[in-house]
Every structure is written in C-alpha cells, then in structure tokens.
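The structure file run29.cif is reproduced below (mmCIF, C-alpha atoms and all ligand atoms).
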```cif
data_model
#
loop_
_atom_site.label_atom_id
_atom_site.label_comp_id
_atom_site.auth_asym_id
_atom_site.auth_seq_id
_atom_site.Cartn_x
_atom_site.Cartn_y
_atom_site.Cartn_z
CA MET I 1 0.00 0.00 0.00
CA ILE I 2 1.15 3.57 -0.70
CA LYS I 3 2.70 5.22 2.36
CA LEU I 4 2.30 8.99 2.71
CA TYR I 5 4.74 10.66 5.08
CA TYR I 6 2.46 13.31 6.40
CA HIS I 7 2.14 16.47 8.40
CA PRO I 8 -1.13 18.46 8.16
CA SER I 9 0.44 21.41 6.36
CA PRO I 10 -0.08 22.76 2.84
CA ASN I 11 2.34 20.66 0.80
CA PRO I 12 1.32 17.29 2.28
CA VAL I 13 -2.44 18.01 2.21
CA LYS I 14 -2.45 18.37 -1.57
CA ILE I 15 -1.16 14.79 -1.86
CA ALA I 16 -3.76 13.49 0.58
CA LEU I 17 -6.42 15.26 -1.50
CA TYR I 18 -5.22 13.56 -4.68
CA LEU I 19 -5.26 10.15 -2.99
CA GLU I 20 -8.73 10.79 -1.56
CA GLU I 21 -10.06 12.08 -4.88
CA THR I 22 -8.91 8.89 -6.61
CA ASN I 23 -10.10 6.63 -3.76
CA THR I 24 -6.59 5.22 -3.54
CA PRO I 25 -5.87 3.23 -0.38
CA TYR I 26 -2.91 4.71 1.49
CA GLU I 27 -1.32 4.61 4.88
CA ILE I 28 -0.45 7.78 6.77
CA VAL I 29 3.01 7.78 8.31
CA VAL I 30 2.95 10.54 10.91
CA THR I 31 5.95 12.78 10.28
CA ASP I 32 5.75 15.35 13.03
CA THR I 33 8.05 18.13 11.90
CA ARG I 34 7.71 19.94 15.25
CA LYS I 35 9.12 16.85 16.95
CA GLY I 36 11.92 16.49 14.39
CA ASP I 37 10.74 13.37 12.50
CA GLN I 38 11.93 14.99 9.25
CA HIS I 39 15.54 14.80 10.45
CA LYS I 40 15.52 11.09 11.30
CA PRO I 41 17.82 8.95 9.13
CA GLU I 42 14.95 6.64 8.11
CA PHE I 43 13.00 9.65 6.77
CA ARG I 44 16.08 11.23 5.13
CA ALA I 45 16.55 7.93 3.27
CA ILE I 46 13.22 8.69 1.57
CA ASN I 47 13.51 12.47 1.38
CA PRO I 48 17.09 13.75 1.61
CA ASN I 49 15.61 17.28 1.74
CA GLY I 50 14.05 16.55 5.15
CA LYS I 51 10.61 18.05 4.48
CA THR I 52 7.07 16.71 4.22
CA PRO I 53 5.53 15.18 2.17
CA ALA I 54 7.27 12.07 0.91
CA LEU I 55 5.71 8.99 -0.55
CA VAL I 56 6.69 5.34 -0.85
CA ASP I 57 4.94 3.14 -3.39
CA GLY I 58 6.43 -0.35 -3.22
CA ASP I 59 10.08 0.09 -4.16
CA ILE I 60 9.52 3.62 -5.44
CA LYS I 61 10.35 6.63 -3.28
CA VAL I 62 9.23 10.14 -4.27
CA PHE I 63 9.77 13.42 -2.47
CA ASP I 64 8.56 17.01 -2.99
CA SER I 65 4.82 17.58 -3.30
CA THR I 66 5.02 18.65 -6.94
CA ALA I 67 7.02 15.56 -7.92
CA ILE I 68 4.66 13.36 -5.92
CA ILE I 69 1.46 14.75 -7.39
CA LEU I 70 2.91 14.43 -10.90
CA TYR I 71 4.00 10.87 -10.14
CA LEU I 72 0.50 9.99 -8.96
CA GLY I 73 -1.13 11.85 -11.85
CA GLU I 74 0.94 9.86 -14.32
CA LYS I 75 0.50 6.57 -12.46
CA PHE I 76 -3.28 6.80 -12.30
CA GLY I 77 -3.83 8.94 -15.41
CA LYS I 78 -6.35 11.06 -13.51
CA PHE I 79 -6.70 14.83 -12.94
CA MET I 80 -4.00 15.41 -15.56
CA PRO I 81 -4.35 17.42 -18.78
CA ALA I 82 -4.29 15.88 -22.24
CA LYS I 83 -0.87 14.57 -23.25
CA THR I 84 -0.29 17.16 -25.95
CA PRO I 85 2.52 19.71 -26.13
CA VAL I 86 -0.02 22.56 -26.15
CA ALA I 87 -1.85 21.33 -23.05
CA HIS I 88 1.40 20.56 -21.26
CA ALA I 89 2.92 23.96 -22.04
CA GLU I 90 0.08 25.57 -20.12
CA PHE I 91 0.05 22.89 -17.42
CA TYR I 92 3.79 23.03 -16.68
CA SER I 93 3.79 26.83 -16.64
CA TRP I 94 1.15 26.95 -13.91
CA LEU I 95 2.56 23.95 -12.07
CA MET I 96 5.95 25.66 -11.74
CA PHE I 97 4.33 28.98 -10.85
CA LEU I 98 2.61 27.22 -7.94
CA ALA I 99 5.66 25.17 -6.93
CA THR I 100 8.31 27.87 -7.12
CA GLY I 101 6.23 30.97 -6.40
CA VAL I 102 3.05 30.48 -4.40
CA GLY I 103 4.38 27.81 -2.02
CA PRO I 104 7.76 29.37 -1.17
CA TYR I 105 6.52 32.97 -0.89
CA CYS I 106 3.54 32.04 1.28
CA GLY I 107 5.74 29.77 3.42
CA GLN I 108 8.26 32.56 3.99
CA LEU I 109 5.47 35.02 4.78
CA VAL I 110 4.16 32.69 7.51
CA HIS I 111 7.69 32.33 8.83
CA PHE I 112 8.41 36.04 9.06
CA LYS I 113 4.94 37.02 10.30
CA TYR I 114 4.76 34.46 13.08
CA PHE I 115 8.16 33.01 13.88
CA ALA I 116 11.06 35.33 13.01
CA PRO I 117 12.65 37.62 15.57
CA GLU I 118 12.56 41.41 15.17
CA PRO I 119 13.47 43.41 13.15
CA LYS I 120 11.38 41.89 10.41
CA ASP I 121 9.46 44.70 8.70
CA TYR I 122 11.59 44.46 5.56
CA ALA I 123 11.04 40.70 5.22
CA ILE I 124 7.30 40.86 5.98
CA ASN I 125 6.84 43.64 3.46
CA ARG I 126 8.71 41.70 0.79
CA TYR I 127 6.93 38.38 1.29
CA ASP I 128 3.50 39.93 1.82
CA PHE I 129 3.95 41.87 -1.44
CA GLU I 130 5.08 38.77 -3.33
CA ALA I 131 2.40 36.51 -1.84
CA TRP I 132 -0.30 39.03 -2.85
CA ARG I 133 1.21 39.39 -6.31
CA HIS I 134 0.98 35.63 -6.83
CA TRP I 135 -2.58 35.34 -5.48
CA GLU I 136 -3.73 38.23 -7.67
CA ILE I 137 -2.38 36.37 -10.70
CA LEU I 138 -4.35 33.29 -9.62
CA GLU I 139 -7.42 35.43 -8.95
CA ASN I 140 -7.22 36.85 -12.46
CA ARG I 141 -6.96 33.35 -13.94
CA LEU I 142 -9.83 31.98 -11.86
CA SER I 143 -12.07 34.98 -12.55
CA LYS I 144 -12.13 33.91 -16.21
CA GLN I 145 -12.55 30.16 -15.84
CA PRO I 146 -13.75 27.76 -13.11
CA TYR I 147 -10.48 25.83 -12.85
CA MET I 148 -6.81 26.45 -13.51
CA LEU I 149 -7.06 24.41 -16.74
CA ASP I 150 -10.14 23.38 -18.74
CA GLU I 151 -11.03 20.73 -16.15
CA TYR I 152 -10.55 20.28 -12.41
CA GLY I 153 -7.16 18.72 -11.76
CA ILE I 154 -3.92 18.67 -9.82
CA LEU I 155 -3.30 22.42 -10.25
CA ASP I 156 -6.57 23.15 -8.44
CA MET I 157 -5.56 20.77 -5.66
CA SER I 158 -2.30 22.70 -5.26
CA VAL I 159 -4.17 26.01 -5.19
CA TRP I 160 -6.56 24.58 -2.57
CA ALA I 161 -3.68 23.42 -0.35
CA TRP I 162 -2.38 26.98 0.10
CA ALA I 163 -5.70 28.84 -0.26
CA ARG I 164 -6.95 27.10 2.94
CA MET I 165 -4.30 29.12 4.78
CA ILE I 166 -4.96 32.53 3.23
CA PRO I 167 -6.74 34.03 6.29
CA ARG I 168 -3.67 33.11 8.35
CA PHE I 169 -1.08 34.83 6.20
CA LEU I 170 -3.03 37.48 4.24
CA GLY I 171 -5.80 38.14 6.78
CA GLU I 172 -9.57 37.41 6.69
CA ALA I 173 -10.21 40.54 4.58
CA ALA I 174 -8.15 38.98 1.77
CA TRP I 175 -11.27 37.21 0.47
CA ASP I 176 -12.75 40.57 -0.58
CA LYS I 177 -9.94 40.84 -3.10
CA LEU I 178 -9.75 37.15 -4.03
CA PRO I 179 -13.41 36.10 -4.60
CA SER I 180 -12.63 33.63 -7.39
CA VAL I 181 -9.93 31.91 -5.34
CA LYS I 182 -12.50 31.70 -2.51
CA ARG I 183 -15.06 30.21 -4.89
CA LEU I 184 -12.64 27.41 -5.84
CA LEU I 185 -11.64 26.90 -2.20
CA ASP I 186 -15.29 26.58 -1.14
CA GLU I 187 -16.06 24.20 -3.99
CA ILE I 188 -13.20 21.88 -3.04
CA ASN I 189 -13.86 22.21 0.70
CA ALA I 190 -17.40 20.94 0.08
CA LYS I 191 -16.12 17.67 -1.40
CA PRO I 192 -16.18 14.59 0.86
CA SER I 193 -12.56 13.95 -0.21
CA ALA I 194 -11.42 17.32 1.19
CA LYS I 195 -13.36 16.71 4.40
CA ARG I 196 -11.58 13.37 4.79
CA VAL I 197 -8.24 15.15 4.35
CA GLU I 198 -9.08 17.67 7.08
CA GLU I 199 -10.02 14.78 9.37
CA ILE I 200 -6.55 13.21 9.15
CA ALA I 201 -5.18 15.79 11.59
CA THR I 202 -7.83 14.76 14.13
CA ARG I 203 -7.13 11.01 13.81
CA TYR I 204 -3.44 11.30 14.66
CA SER I 205 -1.65 13.33 17.22
CA PHE I 206 0.53 16.13 15.86
CA LYS I 207 2.33 18.54 18.11
CA THR I 208 0.70 21.97 18.01
CA GLU I 209 2.92 24.08 20.29
CA VAL I 210 5.77 26.05 18.81
CA ASP I 211 8.14 25.75 21.73
CA GLU I 212 11.93 25.52 21.94
CA GLU I 213 11.94 21.93 20.59
CA SER I 214 9.72 22.89 17.63
CA ARG I 215 11.88 25.90 16.80
CA ARG I 216 15.03 23.79 16.91
CA ASN I 217 13.49 21.27 14.52
CA LEU I 218 11.80 23.70 12.16
CA PHE I 219 14.41 26.46 12.03
CA PRO I 220 17.85 24.84 12.35
CA SER I 221 19.44 28.02 10.97
CA ASN I 222 18.75 29.66 14.37
CA GLU I 223 21.28 27.31 16.00
CA ARG I 224 24.04 28.86 13.90
CA LEU I 225 23.00 32.34 15.09
CA LYS I 226 23.14 31.21 18.72
CA LYS I 227 26.68 29.86 18.23
CA SER I 228 27.91 33.08 16.62
CA ASN I 229 26.44 35.31 19.41
N1 LIG I 301 9.11 22.02 -2.06
C1 LIG I 301 8.69 21.16 -0.99
C2 LIG I 301 8.52 21.95 0.28
C3 LIG I 301 8.19 21.04 1.46
C4 LIG I 301 7.97 21.80 2.74
O1 LIG I 301 8.46 22.93 2.93
N2 LIG I 301 7.24 21.15 3.67
C5 LIG I 301 6.95 21.72 4.94
C6 LIG I 301 5.49 21.48 5.27
S1 LIG I 301 4.44 22.39 4.15
C7 LIG I 301 7.83 21.04 5.99
O2 LIG I 301 7.99 19.84 5.98
N3 LIG I 301 8.39 21.84 6.93
C8 LIG I 301 9.20 21.33 7.99
C9 LIG I 301 10.64 21.79 7.90
O3 LIG I 301 10.95 22.66 7.06
O4 LIG I 301 11.45 21.28 8.67
C10 LIG I 301 7.38 20.45 -1.39
O5 LIG I 301 6.61 21.00 -2.18
O6 LIG I 301 7.16 19.31 -0.92
#
```

Could I get this structure in the form of structure tokens?
Amino acid sequence: MIKLYYHPSPNPVKIALYLEETNTPYEIVVTDTRKGDQHKPEFRAINPNGKTPALVDGDIKVFDSTAIILYLGEKFGKFMPAKTPVAHAEFYSWLMFLATGVGPYCGQLVHFKYFAPEPKDYAINRYDFEAWRHWEILENRLSKQPYMLDEYGILDMSVWAWARMIPRFLGEAAWDKLPSVKRLLDEINAKPSAKRVEEIATRYSFKTEVDEESRRNLFPSNERLKKSN
C-alpha cells in the first residue's frame, strides 16, 4: 500500500487530497516536523531534503509535493491534462508557478509574520507583497474560468492546499480581493474527499505548540546564530 509521510500542512495536504479524490488506499506515516521526525535517518533515506511530504509506493520513493502529485497523476492517469505539447505547455507553466512561487513565498510570509525575531518589517513587506502578487495572478486566472485548466485537476488541488491558509497569512479581509480563489476553495472544501483530508489531523496526534523543541526542529538556521552570538 502507498505510504504517505504526512504532516497536516499545505504541501502534504495536496497529496492526501489527490489520494482521496482517486479513492486510492494509502497509509499515513505521521511525520511530526515539530518533533523532528523529518531529520531522522529513516526519513532522510526517503527524502534527503528533510521536508514533508514524501511517498513510498512499493520500491519507489518520491519526495517534494510537486514531484509526488505528478508521479500519482501519471501513475493513475487522472486529474492530468491531455498529453499534448499545447496542453502541457500551459500545465507546466502553472505547475511551476505554484511550486516555485506560491508555495515558497507564502511559506516565507508565515515564517516572518509568526516566527522570526525582530526586526522583520523588511522581510514581511517583501513576502506579503510577493504573496499578494501571486494570489492576484491566480485570482485573475480563476475569474475567467472555473479551474486552472479546462477541467478540475492537480493544479486546483495545489491552489486549494495553500488557499486554505490565506486568512492566516493574508488576513480574513483577503477574500474581498480574491473572490474567485475563494469560490474554488469553497467548492473543493465541500467535497467529501477534502473533508476526509481535514479529518486526518484529528485522527493522529501532531504537536501543536511552537516551543523551543519545535523551533530547533523547524528552524535549524537559528542554532548557527546562537553559536555566533
Ligand atoms: N518544495 C517542498 C517543500 C516542502 C515543505 O516545505 N514542507 C513543509 C510542510 S508544508 C515542511 O515539511 N516543513 C518542515 C521543515 O521545514 O522542517 C514540497 O513541495 O514538498
């Protein structure tokens, strides 16, 4: 059975959504990043990058949510665009926009807003600006069509994964400026598959506090600062 190394955060949830949408049996392997599971040798053997998600399918190991969702899309042939150069030109463009823009900028915005020490105005301004810029591009796309491509697919799942968090990093009022993103979020949230994904976090115990142990595990760069002070 497929094993999904999981933490209930944006990059892993998109994989759980794909598996739920395709009714694929899978086993959750709790990878509690606040407790440091991502640094364990047995996890690094699957994902040398030490981040969730990772997936094991028999002898096959895949890491990075974009690689995993593409792997699954190709394996099952579902929620993928037509295999034509024209369709894939559009698909890959948006896939990389999500993977290299939306995810990293939103992740850094969360980091600087909630976890970084002062002074941080410069960093918050930069990442807030960039996160907004990316979501406005998505808003523009989704104001013209119901889904990222002609049909619902893995790009929409990736949008959903981060859109769930928008009130946290852009504020509740963000929905006034992103109504089409909200429409897609609400549509996916209403699916039984998405509800099952949200339930995963309640079935397993994941550490919620961001204490000294969590900071050490999530932000190892801080240790270097401590040594140099
Ligand atoms: N590009 C990677 C990013 C993975 C990532 O940053 N995962 C976060 C959860 S959303 C994580 O595991 N953070 C814990 C850490 O950085 O130690 C992907 O898309 O899978």

Open item on the list: 10 Å from ligand LIG 301 (chain I) is the threshold here; counting only C-alpha atoms and all ligand atoms, which polymer residues fall inside it? Answer as a ChimeraX atom specification.
Closed with: /I:5-15,31-39,47,49-54,62-69,98-100,103-104,107-108,158,161-162,214-220

- [ ] Pick out the closest residue to I:Leu170 from this set: I:Met157, I:Val110, I:Met1, I:Leu149. Count all atoms listed in the file.
- [x]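 Looking only at the distances to I:Leu170, the closest residue turns out to be I:Val110.
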
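Shortest atom-to-atom contact with I:Tyr114 among I:Asn222, I:Tyr127, I:Phe169, I:Glu213: I:Phe169, counting all atoms listed in the file.
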
Is it possible to get the axis-aligned box enclosing stretch 7-18 of chain I (all listed atoms, 4 Å extra per side) as lines of an AutoDock Vina configuration file, with centre and edge lengths in Å rounded to one decimal?
```
center_x = -2.0
center_y = 18.1
center_z = 1.9
size_x = 16.8
size_y = 17.3
size_z = 21.1
```

- [ ] Would you mind reading off the distance between atom CA of I:Leu178 and atom CA of I:Val86, one decimal, in Å?
- [x]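 Rounded to one decimal, the two atoms are 28.2 Å apart.
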
Task: Atom pair atom CA of I:Gly171 / atom CA of I:Glu21: separation (Å) - done: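 It comes out at 28.9 Å.
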
- [ ] Please measure the separation of atom CA of I:Glu139 and atom CA of I:Asp156, giving the value in Å to one decimal.
- [x]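 If I compute the distance from atom CA of I:Glu139 to atom CA of I:Asp156, I get 12.3 Å.
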
Find the nearest atom pair between each residue of stretch 41-128 of chain I and stretch 141-148 of chain I for residues within 10 Å, count all atoms listed in the file, give distances in Å to one decimal, sort rows by chain and ascending number, and present the table as a Markdown table.
```
| residue | atom | partner | partner_atom | distance |
| --- | --- | --- | --- | --- |
| I:Glu90 | CA | I:Met148 | CA | 9.6 |
| I:Phe91 | CA | I:Met148 | CA | 8.7 |
| I:Trp94 | CA | I:Met148 | CA | 8.0 |
| I:Leu95 | CA | I:Met148 | CA | 9.8 |
```

Dump of C-alpha atoms for the selected residues, as a short mmCIF file (atom, residue, chain, number, x, y, z; two decimals), in the coordinates of the input:
```
data_model
loop_
_atom_site.label_atom_id
_atom_site.label_comp_id
_atom_site.auth_asym_id
_atom_site.auth_seq_id
_atom_site.Cartn_x
_atom_site.Cartn_y
_atom_site.Cartn_z
CA GLU I 90 0.08 25.57 -20.12
CA PHE I 91 0.05 22.89 -17.42
CA TRP I 94 1.15 26.95 -13.91
CA LEU I 95 2.56 23.95 -12.07
#
```

Open item on the list: I need the residue nearest I:Asp150 from this list: I:Phe79, I:Val30, I:Leu19, I:Ile137. Use all atoms listed in the file for the distance.
Closed with: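 For I:Asp150, the nearest of the given residues is I:Phe79.
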